[in-house]
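Containing mmCIF, C-alpha atoms and all ligand atoms: data16.cif.
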data_start
#
loop_
_atom_site.label_atom_id
_atom_site.label_comp_id
_atom_site.auth_asym_id
_atom_site.auth_seq_id
_atom_site.Cartn_x
_atom_site.Cartn_y
_atom_site.Cartn_z
CA MET A 1 13.23 15.54 -35.76
CA ALA A 2 13.40 12.56 -33.38
CA GLU A 3 11.40 9.53 -34.48
CA THR A 4 8.22 8.74 -32.57
CA ARG A 5 8.89 5.96 -30.11
CA ARG A 6 6.58 2.97 -30.01
CA ALA A 7 5.19 1.20 -26.94
CA GLU A 8 3.30 -2.09 -27.06
CA ILE A 9 1.25 -2.86 -23.95
CA SER A 10 -0.28 -6.19 -22.96
CA GLY A 11 -3.53 -5.79 -21.02
CA ALA A 12 -6.26 -3.14 -21.02
CA GLY A 13 -6.85 -3.10 -17.27
CA PHE A 14 -6.31 -0.09 -15.01
CA ALA A 15 -2.50 -0.42 -15.18
CA GLY A 16 -2.36 -0.82 -18.96
CA LEU A 17 -4.68 2.09 -19.68
CA VAL A 18 -2.83 4.48 -17.34
CA ALA A 19 0.58 3.50 -18.77
CA ALA A 20 -0.80 3.90 -22.31
CA THR A 21 -2.33 7.31 -21.67
CA ALA A 22 0.68 8.71 -19.82
CA LEU A 23 3.02 7.50 -22.60
CA ALA A 24 0.82 8.80 -25.43
CA GLN A 25 0.55 12.17 -23.72
CA ARG A 26 4.37 12.26 -23.78
CA GLY A 27 4.61 11.67 -27.51
CA TRP A 28 4.75 7.87 -27.75
CA GLN A 29 2.80 5.88 -30.29
CA VAL A 30 0.95 3.36 -28.15
CA ARG A 31 -1.01 0.19 -28.79
CA VAL A 32 -2.75 -1.81 -26.05
CA HIS A 33 -3.53 -5.48 -26.66
CA GLU A 34 -6.50 -6.90 -24.74
CA LYS A 35 -7.16 -10.62 -24.90
CA GLY A 36 -10.88 -10.20 -24.16
CA GLU A 37 -13.08 -9.93 -27.25
CA THR A 38 -14.77 -7.00 -25.56
CA LEU A 39 -13.26 -4.53 -23.12
CA ARG A 40 -14.01 -5.22 -19.47
CA THR A 41 -16.32 -2.39 -18.51
CA GLU A 42 -17.99 -4.28 -15.67
CA GLY A 43 -17.10 -5.30 -12.13
CA ALA A 44 -18.22 -4.24 -8.66
CA GLY A 45 -16.78 -1.26 -6.80
CA ILE A 46 -13.39 0.16 -5.94
CA VAL A 47 -11.84 2.56 -3.43
CA LEU A 48 -9.10 4.89 -4.67
CA TRP A 49 -6.74 6.98 -2.53
CA GLY A 50 -4.65 10.11 -3.03
CA ASN A 51 -1.82 8.32 -4.81
CA SER A 52 -3.93 7.09 -7.72
CA LEU A 53 -6.27 10.10 -7.71
CA GLN A 54 -3.23 12.29 -8.29
CA VAL A 55 -2.33 10.18 -11.32
CA LEU A 56 -5.89 10.48 -12.61
CA ASP A 57 -5.65 14.28 -12.22
CA ASP A 58 -2.46 14.33 -14.25
CA ILE A 59 -3.76 12.22 -17.14
CA GLY A 60 -6.98 14.26 -17.24
CA ALA A 61 -9.43 11.57 -16.11
CA THR A 62 -10.57 13.17 -12.84
CA HIS A 63 -13.30 15.39 -14.23
CA ASP A 64 -15.17 12.41 -15.64
CA ILE A 65 -14.58 10.25 -12.56
CA MET A 66 -15.90 12.86 -10.11
CA SER A 67 -19.24 12.97 -11.92
CA ASN A 68 -20.42 9.62 -10.59
CA SER A 69 -18.40 8.73 -7.51
CA MET A 70 -18.31 9.82 -3.89
CA THR A 71 -16.22 10.51 -0.83
CA PRO A 72 -18.22 9.02 2.05
CA PRO A 73 -18.41 11.07 5.27
CA ALA A 74 -16.48 8.45 7.28
CA TYR A 75 -14.93 4.99 7.27
CA GLU A 76 -16.67 3.15 10.07
CA THR A 77 -15.53 -0.14 11.58
CA ARG A 78 -17.90 -2.36 13.57
CA MET A 79 -17.36 -5.57 15.50
CA ASP A 80 -20.53 -7.56 16.23
CA ASN A 81 -22.36 -4.44 15.03
CA VAL A 82 -20.74 -2.29 17.74
CA ILE A 83 -18.92 0.75 16.37
CA GLN A 84 -15.16 0.54 16.97
CA SER A 85 -14.21 3.69 15.08
CA GLN A 86 -15.54 6.31 12.67
CA GLU A 87 -12.58 7.75 10.78
CA THR A 88 -13.22 10.93 8.83
CA LEU A 89 -9.81 10.55 7.14
CA ASP A 90 -8.98 14.23 7.39
CA GLY A 91 -6.07 15.13 5.14
CA ILE A 92 -6.38 11.92 3.14
CA ARG A 93 -7.97 12.11 -0.29
CA TRP A 94 -10.16 9.14 -1.19
CA ARG A 95 -13.04 8.27 -3.47
CA THR A 96 -15.39 5.33 -4.03
CA MET A 97 -16.89 4.39 -7.41
CA THR A 98 -17.87 1.47 -9.59
CA ARG A 99 -15.14 -0.31 -11.52
CA GLY A 100 -17.09 0.27 -14.72
CA HIS A 101 -17.04 4.00 -14.17
CA LEU A 102 -13.29 4.04 -13.50
CA PHE A 103 -12.64 1.85 -16.54
CA ASN A 104 -14.76 3.97 -18.89
CA SER A 105 -13.11 7.17 -17.64
CA LEU A 106 -9.65 5.69 -18.25
CA LEU A 107 -10.65 4.44 -21.68
CA LEU A 108 -11.90 7.90 -22.61
CA ALA A 109 -8.63 9.48 -21.48
CA ALA A 110 -6.64 6.86 -23.43
CA ARG A 111 -8.61 7.42 -26.63
CA GLU A 112 -8.34 11.19 -26.29
CA ALA A 113 -4.56 10.78 -26.01
CA GLY A 114 -4.53 8.79 -29.27
CA VAL A 115 -3.95 5.31 -27.82
CA GLU A 116 -4.94 2.36 -30.03
CA VAL A 117 -6.78 -0.26 -27.96
CA LYS A 118 -7.07 -3.65 -29.64
CA PRO A 119 -9.58 -6.13 -28.12
CA GLY A 120 -9.36 -9.81 -29.11
CA SER A 121 -5.56 -9.56 -29.28
CA ARG A 122 -3.92 -12.04 -26.89
CA VAL A 123 -0.21 -11.55 -26.22
CA VAL A 124 1.71 -14.81 -26.06
CA SER A 125 5.25 -13.61 -25.50
CA ALA A 126 7.68 -10.72 -25.28
CA THR A 127 11.45 -10.43 -25.47
CA ALA A 128 13.83 -8.25 -23.48
CA ASP A 129 14.87 -6.45 -26.69
CA GLY A 130 11.30 -5.40 -27.45
CA VAL A 131 9.51 -7.93 -29.65
CA LEU A 132 5.88 -8.60 -28.73
CA THR A 133 4.08 -11.57 -30.26
CA THR A 134 0.33 -12.11 -30.30
CA ALA A 135 -1.73 -15.30 -30.66
CA ASP A 136 -2.42 -14.58 -34.37
CA GLY A 137 1.32 -15.00 -34.98
CA ALA A 138 2.09 -11.29 -35.54
CA SER A 139 5.31 -9.95 -34.02
CA THR A 140 5.97 -6.24 -33.52
CA LYS A 141 9.22 -4.53 -32.58
CA ALA A 142 8.76 -1.79 -30.01
CA ASP A 143 10.99 0.59 -28.09
CA LEU A 144 9.16 -0.29 -24.86
CA ILE A 145 7.01 -3.24 -23.83
CA VAL A 146 4.71 -3.04 -20.83
CA GLY A 147 3.34 -6.21 -19.25
CA ALA A 148 0.10 -5.01 -17.65
CA ASP A 149 -1.64 -8.32 -18.17
CA GLY A 150 -2.60 -9.19 -14.62
CA VAL A 151 -1.82 -12.13 -12.32
CA GLY A 152 -1.45 -14.61 -15.20
CA SER A 153 0.84 -12.26 -17.20
CA ALA A 154 2.09 -13.77 -20.47
CA VAL A 155 4.75 -11.05 -20.77
CA ARG A 156 6.11 -11.92 -17.33
CA ASP A 157 6.01 -15.68 -17.80
CA SER A 158 7.50 -15.66 -21.32
CA LEU A 159 10.40 -13.51 -20.11
CA GLY A 160 11.20 -16.01 -17.37
CA PHE A 161 10.73 -13.78 -14.32
CA GLU A 162 10.80 -15.73 -11.09
CA VAL A 163 7.37 -15.59 -9.44
CA ARG A 164 6.40 -16.29 -5.84
CA ARG A 165 2.73 -16.60 -5.05
CA GLU A 166 1.27 -16.80 -1.56
CA ARG A 167 -2.34 -17.43 -0.74
CA SER A 168 -3.97 -16.08 2.43
CA ARG A 169 -6.71 -17.89 4.32
CA ASP A 170 -9.54 -15.47 3.49
CA GLY A 171 -11.29 -14.44 0.31
CA ILE A 172 -14.08 -12.19 -0.92
CA THR A 173 -17.16 -12.22 -3.16
CA ARG A 174 -18.04 -8.80 -4.58
CA PHE A 175 -21.42 -7.39 -5.64
CA LEU A 176 -22.84 -4.20 -7.07
CA VAL A 177 -26.43 -3.75 -5.87
CA PRO A 178 -28.95 -0.89 -5.52
CA ARG A 179 -28.36 1.39 -2.49
CA ARG A 180 -31.77 0.75 -0.82
CA LYS A 181 -31.02 3.52 1.66
CA ALA A 182 -34.63 3.95 2.80
CA GLU A 183 -35.01 0.26 3.61
CA LEU A 184 -31.68 0.16 5.46
CA SER A 185 -32.61 3.31 7.39
CA ALA A 186 -35.92 1.72 8.37
CA LEU A 187 -33.98 -1.16 9.95
CA GLU A 188 -31.32 1.02 11.61
CA PRO A 189 -32.42 4.68 11.69
CA ASP A 190 -29.34 5.93 13.57
CA THR A 191 -26.82 4.61 11.06
CA GLU A 192 -25.19 6.97 8.53
CA TRP A 193 -25.71 4.77 5.46
CA ASP A 194 -23.47 7.02 3.33
CA ASN A 195 -20.45 5.86 5.36
CA VAL A 196 -18.23 3.02 4.30
CA ILE A 197 -19.02 0.45 7.00
CA ASP A 198 -16.69 -2.44 7.65
CA PHE A 199 -18.90 -4.99 9.46
CA TRP A 200 -16.74 -7.63 11.18
CA ASN A 201 -17.77 -10.75 12.97
CA LEU A 202 -15.02 -13.06 14.26
CA ASP A 203 -16.84 -15.17 16.81
CA PRO A 204 -18.47 -17.66 16.51
CA ARG A 205 -17.67 -17.40 12.82
CA VAL A 206 -15.34 -15.27 10.69
CA LEU A 207 -17.58 -13.34 8.30
CA ARG A 208 -17.24 -9.73 7.21
CA VAL A 209 -19.22 -7.39 4.99
CA LEU A 210 -17.48 -4.33 3.61
CA TYR A 211 -20.31 -1.93 2.77
CA THR A 212 -19.16 0.77 0.31
CA PRO A 213 -21.54 3.28 -1.31
CA ALA A 214 -20.18 3.84 -4.84
CA ASN A 215 -22.50 6.71 -5.86
CA ASP A 216 -26.08 7.84 -5.17
CA GLU A 217 -27.59 4.76 -6.81
CA GLU A 218 -25.13 1.92 -6.43
CA LEU A 219 -23.68 0.05 -3.48
CA TYR A 220 -20.57 -2.12 -3.55
CA ILE A 221 -20.63 -4.91 -0.98
CA ALA A 222 -17.76 -7.34 -0.47
CA LEU A 223 -18.48 -10.46 1.57
CA MET A 224 -15.40 -11.99 3.20
CA ALA A 225 -15.12 -15.54 4.51
CA PRO A 226 -12.24 -17.98 5.01
CA ALA A 227 -11.66 -20.30 2.03
CA ALA A 228 -12.02 -23.22 4.45
CA ASP A 229 -15.59 -22.18 5.28
CA ALA A 230 -17.60 -23.94 2.56
CA GLU A 231 -20.90 -22.24 3.44
CA GLY A 232 -19.37 -18.77 3.93
CA SER A 233 -17.46 -18.88 0.63
CA ARG A 234 -20.30 -20.44 -1.37
CA VAL A 235 -21.69 -18.70 -4.47
CA PRO A 236 -24.43 -17.72 -4.96
CA ILE A 237 -24.28 -16.68 -1.30
CA ASP A 238 -26.10 -18.59 1.44
CA LEU A 239 -28.66 -15.89 2.25
CA ASP A 240 -29.83 -17.44 5.53
CA LEU A 241 -26.27 -17.60 6.85
CA TRP A 242 -25.37 -14.00 5.91
CA THR A 243 -28.65 -12.46 7.13
CA SER A 244 -28.40 -14.40 10.41
CA ILE A 245 -25.09 -12.62 11.14
CA PHE A 246 -25.90 -9.27 9.47
CA PRO A 247 -29.71 -8.82 9.77
CA GLN A 248 -29.37 -5.03 9.36
CA LEU A 249 -28.11 -5.63 5.79
CA ALA A 250 -30.93 -7.96 4.73
CA PRO A 251 -32.30 -5.75 1.89
CA VAL A 252 -28.94 -5.58 0.09
CA LEU A 253 -27.93 -9.17 0.89
CA GLN A 254 -31.16 -10.30 -0.79
CA ASP A 255 -30.07 -8.49 -3.95
CA ALA A 256 -26.60 -10.04 -3.73
CA ALA A 257 -28.10 -13.53 -3.38
CA ARG A 258 -29.72 -13.15 -6.81
CA ILE A 259 -26.30 -12.68 -8.46
CA GLN A 260 -24.07 -15.69 -9.20
CA GLY A 261 -20.92 -14.03 -7.80
CA ARG A 262 -17.37 -15.35 -7.74
CA TYR A 263 -15.28 -16.03 -4.64
CA TYR A 264 -11.67 -14.75 -4.93
CA GLY A 265 -9.05 -16.08 -2.53
CA TYR A 266 -6.60 -13.38 -1.42
CA GLN A 267 -3.17 -13.73 -2.98
CA THR A 268 0.16 -11.96 -3.07
CA THR A 269 2.45 -12.18 -6.12
CA ARG A 270 6.08 -11.14 -5.98
CA VAL A 271 8.60 -11.23 -8.83
CA ASP A 272 12.41 -11.17 -8.67
CA SER A 273 12.52 -8.05 -10.85
CA TRP A 274 10.06 -5.72 -12.59
CA THR A 275 12.17 -5.20 -15.73
CA ARG A 276 14.17 -7.09 -18.36
CA GLY A 277 15.84 -4.98 -21.04
CA VAL A 278 13.15 -2.73 -22.53
CA ALA A 279 10.26 -4.73 -21.01
CA ALA A 280 8.63 -3.71 -17.72
CA LEU A 281 5.86 -5.18 -15.60
CA VAL A 282 3.20 -3.10 -13.84
CA GLY A 283 0.10 -3.85 -11.79
CA ASP A 284 -0.99 -7.32 -10.73
CA ALA A 285 1.50 -8.86 -13.20
CA ALA A 286 4.24 -7.59 -10.88
CA HIS A 287 2.65 -7.13 -7.48
CA ALA A 288 -0.86 -8.52 -6.87
CA MET A 289 -1.72 -7.90 -3.23
CA CYS A 290 -4.36 -8.68 -0.61
CA PRO A 291 -7.11 -6.04 -0.73
CA ALA A 292 -6.81 -5.05 2.97
CA LEU A 293 -5.53 -1.53 2.17
CA ALA A 294 -7.50 -1.24 -1.10
CA GLN A 295 -4.31 -0.35 -2.95
CA GLY A 296 -3.78 -3.01 -5.67
CA ALA A 297 -5.13 -0.79 -8.43
CA GLY A 298 -3.73 2.30 -6.70
CA CYS A 299 -0.17 0.92 -6.83
CA ALA A 300 -0.81 -0.37 -10.37
CA MET A 301 -1.73 3.12 -11.56
CA GLN A 302 1.04 4.93 -9.70
CA ASN A 303 3.67 2.53 -11.09
CA ALA A 304 2.21 2.71 -14.61
CA TYR A 305 2.41 6.50 -14.48
CA THR A 306 5.94 6.73 -13.03
CA LEU A 307 7.10 4.14 -15.58
CA ALA A 308 5.86 6.36 -18.41
CA VAL A 309 7.67 9.38 -16.97
CA ALA A 310 10.94 7.48 -16.45
CA ALA A 311 10.86 5.86 -19.91
CA THR A 312 10.20 9.18 -21.62
CA ALA A 313 13.13 10.86 -19.87
CA ALA A 314 15.58 8.24 -21.17
CA SER A 315 17.06 7.90 -24.66
CA ASP A 316 16.73 4.51 -26.40
CA ASP A 317 20.24 3.48 -25.33
CA GLU A 318 19.55 4.45 -21.75
CA LEU A 319 16.14 2.78 -21.52
CA PRO A 320 17.09 -0.56 -19.87
CA ALA A 321 19.09 1.29 -17.19
CA ALA A 322 16.30 3.85 -16.76
CA LEU A 323 13.73 1.10 -16.21
CA ALA A 324 15.98 -0.55 -13.65
CA GLY A 325 16.35 2.86 -11.94
CA TRP A 326 12.57 3.31 -11.96
CA GLU A 327 12.14 -0.04 -10.20
CA ARG A 328 14.83 0.84 -7.64
CA LEU A 329 13.06 4.08 -6.71
CA GLU A 330 9.41 3.06 -6.90
CA ARG A 331 9.35 -0.56 -5.85
CA PRO A 332 10.05 -0.10 -2.10
CA TYR A 333 6.75 1.81 -1.71
CA THR A 334 4.79 -0.98 -3.36
CA ASP A 335 6.71 -3.72 -1.52
CA ARG A 336 5.85 -2.12 1.82
CA CYS A 337 2.20 -1.72 0.81
CA GLN A 338 2.08 -5.36 -0.30
CA ASP A 339 3.67 -6.57 2.96
CA ARG A 340 1.27 -4.52 5.08
CA SER A 341 -1.74 -5.64 3.08
CA GLN A 342 -0.72 -9.25 3.55
CA GLU A 343 -0.09 -8.78 7.25
CA TYR A 344 -3.45 -7.04 7.80
CA ALA A 345 -5.19 -9.79 5.85
CA ASP A 346 -3.41 -12.56 7.76
CA THR A 347 -4.02 -11.04 11.21
CA ARG A 348 -7.44 -9.52 10.39
CA ALA A 349 -6.12 -6.58 12.44
CA MET A 350 -8.30 -4.05 10.63
CA SER A 351 -11.27 -5.39 12.58
CA GLN A 352 -10.01 -3.40 15.59
CA GLY A 353 -10.85 -0.09 13.91
CA ASN A 354 -8.76 3.08 13.58
CA GLN A 355 -7.31 1.55 10.45
CA PHE A 356 -6.01 4.60 8.64
CA THR A 357 -3.19 6.01 10.72
CA GLY A 358 0.61 5.89 10.71
CA GLU A 359 2.31 3.59 8.25
CA SER A 360 -0.94 2.12 6.90
CA VAL A 361 -1.55 5.40 5.02
CA GLU A 362 1.94 5.74 3.55
CA THR A 363 0.73 4.67 0.08
CA ALA A 364 -2.46 6.75 0.23
CA LEU A 365 -0.33 9.85 0.88
CA TYR A 366 2.34 9.07 -1.72
CA GLU A 367 2.59 11.68 -4.49
CA PRO A 368 3.70 9.93 -7.69
CA THR A 369 3.32 13.01 -9.86
CA ASP A 370 5.60 15.17 -7.68
CA PRO A 371 9.00 15.11 -9.44
CA HIS A 372 10.74 15.93 -6.12
CA ARG A 373 9.07 13.16 -4.09
CA HIS A 374 12.22 11.07 -3.62
CA GLU A 375 14.40 14.01 -2.59
CA LYS A 376 11.73 15.04 -0.05
CA ALA A 377 11.50 11.49 1.29
CA SER A 378 15.25 11.22 1.82
CA ALA A 379 15.63 14.76 3.27
C1 LIG A 401 -11.51 -8.49 -3.61
C2 LIG A 401 -10.64 -7.42 -4.18
C3 LIG A 401 -10.90 -6.08 -3.89
C4 LIG A 401 -10.05 -5.08 -4.39
N1 LIG A 401 -10.31 -3.78 -4.06
C5 LIG A 401 -9.46 -2.81 -4.49
C6 LIG A 401 -9.68 -1.45 -4.14
O1 LIG A 401 -10.68 -1.09 -3.50
N2 LIG A 401 -8.76 -0.53 -4.54
C7 LIG A 401 -7.66 -0.87 -5.27
O2 LIG A 401 -6.85 0.01 -5.59
N3 LIG A 401 -7.46 -2.15 -5.64
C8 LIG A 401 -8.32 -3.12 -5.28
N4 LIG A 401 -8.12 -4.41 -5.66
C9 LIG A 401 -6.97 -4.74 -6.53
C10 LIG A 401 -7.24 -4.40 -7.99
O3 LIG A 401 -8.47 -4.94 -8.42
C11 LIG A 401 -6.13 -4.93 -8.87
O4 LIG A 401 -4.89 -4.71 -8.27
C12 LIG A 401 -6.16 -4.21 -10.22
O5 LIG A 401 -7.38 -4.42 -10.87
C13 LIG A 401 -5.01 -4.70 -11.09
O6 LIG A 401 -5.07 -4.05 -12.33
P1 LIG A 401 -4.17 -4.56 -13.53
O7 LIG A 401 -4.46 -3.63 -14.65
O8 LIG A 401 -2.77 -4.73 -13.09
O9 LIG A 401 -4.68 -6.04 -13.84
P2 LIG A 401 -6.07 -6.56 -14.38
O10 LIG A 401 -7.19 -5.76 -13.87
O11 LIG A 401 -6.08 -8.02 -14.11
O12 LIG A 401 -6.01 -6.30 -15.95
C14 LIG A 401 -5.23 -7.12 -16.78
C15 LIG A 401 -5.82 -7.06 -18.18
O13 LIG A 401 -4.96 -7.79 -19.05
C16 LIG A 401 -5.73 -8.63 -19.88
N5 LIG A 401 -4.86 -9.76 -20.27
C17 LIG A 401 -4.46 -10.80 -19.50
N6 LIG A 401 -3.64 -11.60 -20.19
C18 LIG A 401 -3.50 -11.04 -21.42
C19 LIG A 401 -2.78 -11.42 -22.57
N7 LIG A 401 -2.02 -12.52 -22.61
N8 LIG A 401 -2.86 -10.62 -23.67
C20 LIG A 401 -3.63 -9.48 -23.66
N9 LIG A 401 -4.36 -9.11 -22.59
C21 LIG A 401 -4.28 -9.87 -21.48
C22 LIG A 401 -6.91 -9.04 -18.99
O14 LIG A 401 -8.00 -9.51 -19.75
C23 LIG A 401 -7.20 -7.72 -18.28
O15 LIG A 401 -8.06 -6.90 -19.02
C24 LIG A 401 -8.95 -5.42 -5.20
C25 LIG A 401 -8.71 -6.76 -5.53
C26 LIG A 401 -9.56 -7.76 -5.03
C27 LIG A 401 -9.26 -9.19 -5.38
#

So that I can check it, write out the structure of this file as structure tokens.
Amino acid sequence: MAETRRAEISGAGFAGLVAATALAQRGWQVRVHEKGETLRTEGAGIVLWGNSLQVLDDIGATHDIMSNSMTPPAYETRMDNVIQSQETLDGIRWRTMTRGHLFNSLLLAAREAGVEVKPGSRVVSATADGVLTTADGASTKADLIVGADGVGSAVRDSLGFEVRRERSRDGITRFLVPRRKAELSALEPDTEWDNVIDFWNLDPRVLRVLYTPANDEELYIALMAPAADAEGSRVPIDLDLWTSIFPQLAPVLQDAARIQGRYYGYQTTRVDSWTRGVAALVGDAAHAMCPALAQGAGCAMQNAYTLAVAATAASDDELPAALAGWERLERPYTDRCQDRSQEYADTRAMSQGNQFTGESVETALYEPTDPHRHEKASA
């Protein structure tokens, strides 16, 4: 009988947990190292599209996720509170939820698959031939190493990948607050408050609120301002400033103002390669992107999944070549998504509405679990 192959993964984020589950379900013995003393079950909200939802179906996490998430009736875009578009996104699968809910569903799937998750275990380095070392001095030899340890990846940096980082001019502070639908409806009775509503204001000041219902009880709001705008990017938020521009959102902005919050500048990370020997990078470690298309976690999960499939199909001797082949096939989709996300963020073009057509939905419609996807694409 063939020996069980061992994978060591750095980072228990969305990418690490999907890679771990997909590998364990294919017979690998998997351990995930998480530097945090506790697992990160909190955060604001997230939007997922068909590409990552298909991965969640395949690893068996969908049932749990559907229980406390929603597909809003439309994605609405407003400029100066005037509706530019209401896109019902027909034919595109999408879902909104809290990050905590997604995380807990992934953790459940990972544990059910037999993955060992080790909090308080900080990875300090990895080698191309499969040795992973943690801060307590322990080194483990593995058949596969996955660097899923986010923008500051220790696996990536210890292996000497070349990294390019670009910052965009805008950034976002995210909050999870109560829905307060009745109070919002009292202020604007004609609004469908179950929609995602992308409230833009460019003149006289660039401020944007992305209003995203995450479930019946919770609302995810993301407040965007340029980094150069000290008042707009301040945390806790300047309530007078935000309610002066978005008075119809006053009830939920008041809740947000009570939370400390953290302003994140948009950034794009690119690396020269995603693999070295038997080590591979996935998620923000390899390809952090601006959130314009809401696909950073989506690409992270699709790449984590396809990595597990490609690694399992290869023998030990073939693994380095198989990982290189995986990057060659999968990376162009993520590169294009990253480029578009950066362009939309830089130009703020999504403020014009009708955002989800043509090439901007390429990633949302990608089918990472279809084994014939590349043949179909080249046909
Ligand atoms: C404002 C904003 C909005 C976004 N909205 C969306 C959205 O709607 N949809 C979407 O798909 N994406 C969205 N994204 C992107 C998404 O959040 C990220 O792409 C995604 O979380 C990346 O997941 P990851 O697992 O690669 O990295 P992370 O989530 O960063 O996880 C990395 C994990 O590794 C751990 N770690 C780090 N270093 C070590 C180490 N040395 N040893 C062990 N563990 C370590 C960390 O503690 C962490 O738990 C958004 C991003 C931003 C900034």

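Here CA of Tyr344 (chain A) is placed at a distance of 15.5 Å from CA of Leu207 (chain A).
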
Please identify the residues whose atoms come within 6 Å of ligand LIG 401 (chain A), using all atoms listed in the file, and report them as a tab-separated table (two decimals) with C-alpha atoms, in the coordinates of the input.
chain	number	residue	atom	x	y	z
A	10	SER	CA	-0.28	-6.19	-22.96
A	11	GLY	CA	-3.53	-5.79	-21.02
A	12	ALA	CA	-6.26	-3.14	-21.02
A	13	GLY	CA	-6.85	-3.10	-17.27
A	14	PHE	CA	-6.31	-0.09	-15.01
A	15	ALA	CA	-2.50	-0.42	-15.18
A	16	GLY	CA	-2.36	-0.82	-18.96
A	33	HIS	CA	-3.53	-5.48	-26.66
A	34	GLU	CA	-6.50	-6.90	-24.74
A	35	LYS	CA	-7.16	-10.62	-24.90
A	36	GLY	CA	-10.88	-10.20	-24.16
A	46	ILE	CA	-13.39	0.16	-5.94
A	47	VAL	CA	-11.84	2.56	-3.43
A	48	LEU	CA	-9.10	4.89	-4.67
A	121	SER	CA	-5.56	-9.56	-29.28
A	122	ARG	CA	-3.92	-12.04	-26.89
A	123	VAL	CA	-0.21	-11.55	-26.22
A	124	VAL	CA	1.71	-14.81	-26.06
A	148	ALA	CA	0.10	-5.01	-17.65
A	149	ASP	CA	-1.64	-8.32	-18.17
A	150	GLY	CA	-2.60	-9.19	-14.62
A	153	SER	CA	0.84	-12.26	-17.20
A	154	ALA	CA	2.09	-13.77	-20.47
A	172	ILE	CA	-14.08	-12.19	-0.92
A	283	GLY	CA	0.10	-3.85	-11.79
A	284	ASP	CA	-0.99	-7.32	-10.73
A	285	ALA	CA	1.50	-8.86	-13.20
A	288	ALA	CA	-0.86	-8.52	-6.87
A	291	PRO	CA	-7.11	-6.04	-0.73
A	294	ALA	CA	-7.50	-1.24	-1.10
A	295	GLN	CA	-4.31	-0.35	-2.95
A	296	GLY	CA	-3.78	-3.01	-5.67
A	297	ALA	CA	-5.13	-0.79	-8.43
A	298	GLY	CA	-3.73	2.30	-6.70
A	300	ALA	CA	-0.81	-0.37	-10.37

Exercise. What is the CA of Asp80 (chain A)-CA of Pro251 (chain A) distance in Å, reported with one decimal?
Worked result: 18.6 Å

Centre and edges of the region 147-161 of chain A box, axis-aligned, 8 Å extra per side, as AutoDock Vina command-line options:
--center_x 4.3 --center_y -10.5 --center_z -16.8 --size_x 29.8 --size_y 27.0 --size_z 25.0

Using only C-alpha atoms, tabulate the residues of region 226-286 of chain A lying at most 7 Å from any atom of region 176-183 of chain A, each with its closest atom pair and that distance in Å to one decimal, by chain and increasing residue number, as CSV.
residue,atom,partner,partner_atom,distance
A:Pro251,CA,A:Glu183,CA,6.8
A:Val252,CA,A:Val177,CA,6.7
A:Asp255,CA,A:Val177,CA,6.3
A:Ala256,CA,A:Val177,CA,6.6

Problem set entry | Closest of A:Thr77, A:Ser105, A:Ser125, A:Ser233 to Val18 (chain A) - atom-to-atom distances counting only C-alpha atoms | A:Ser105
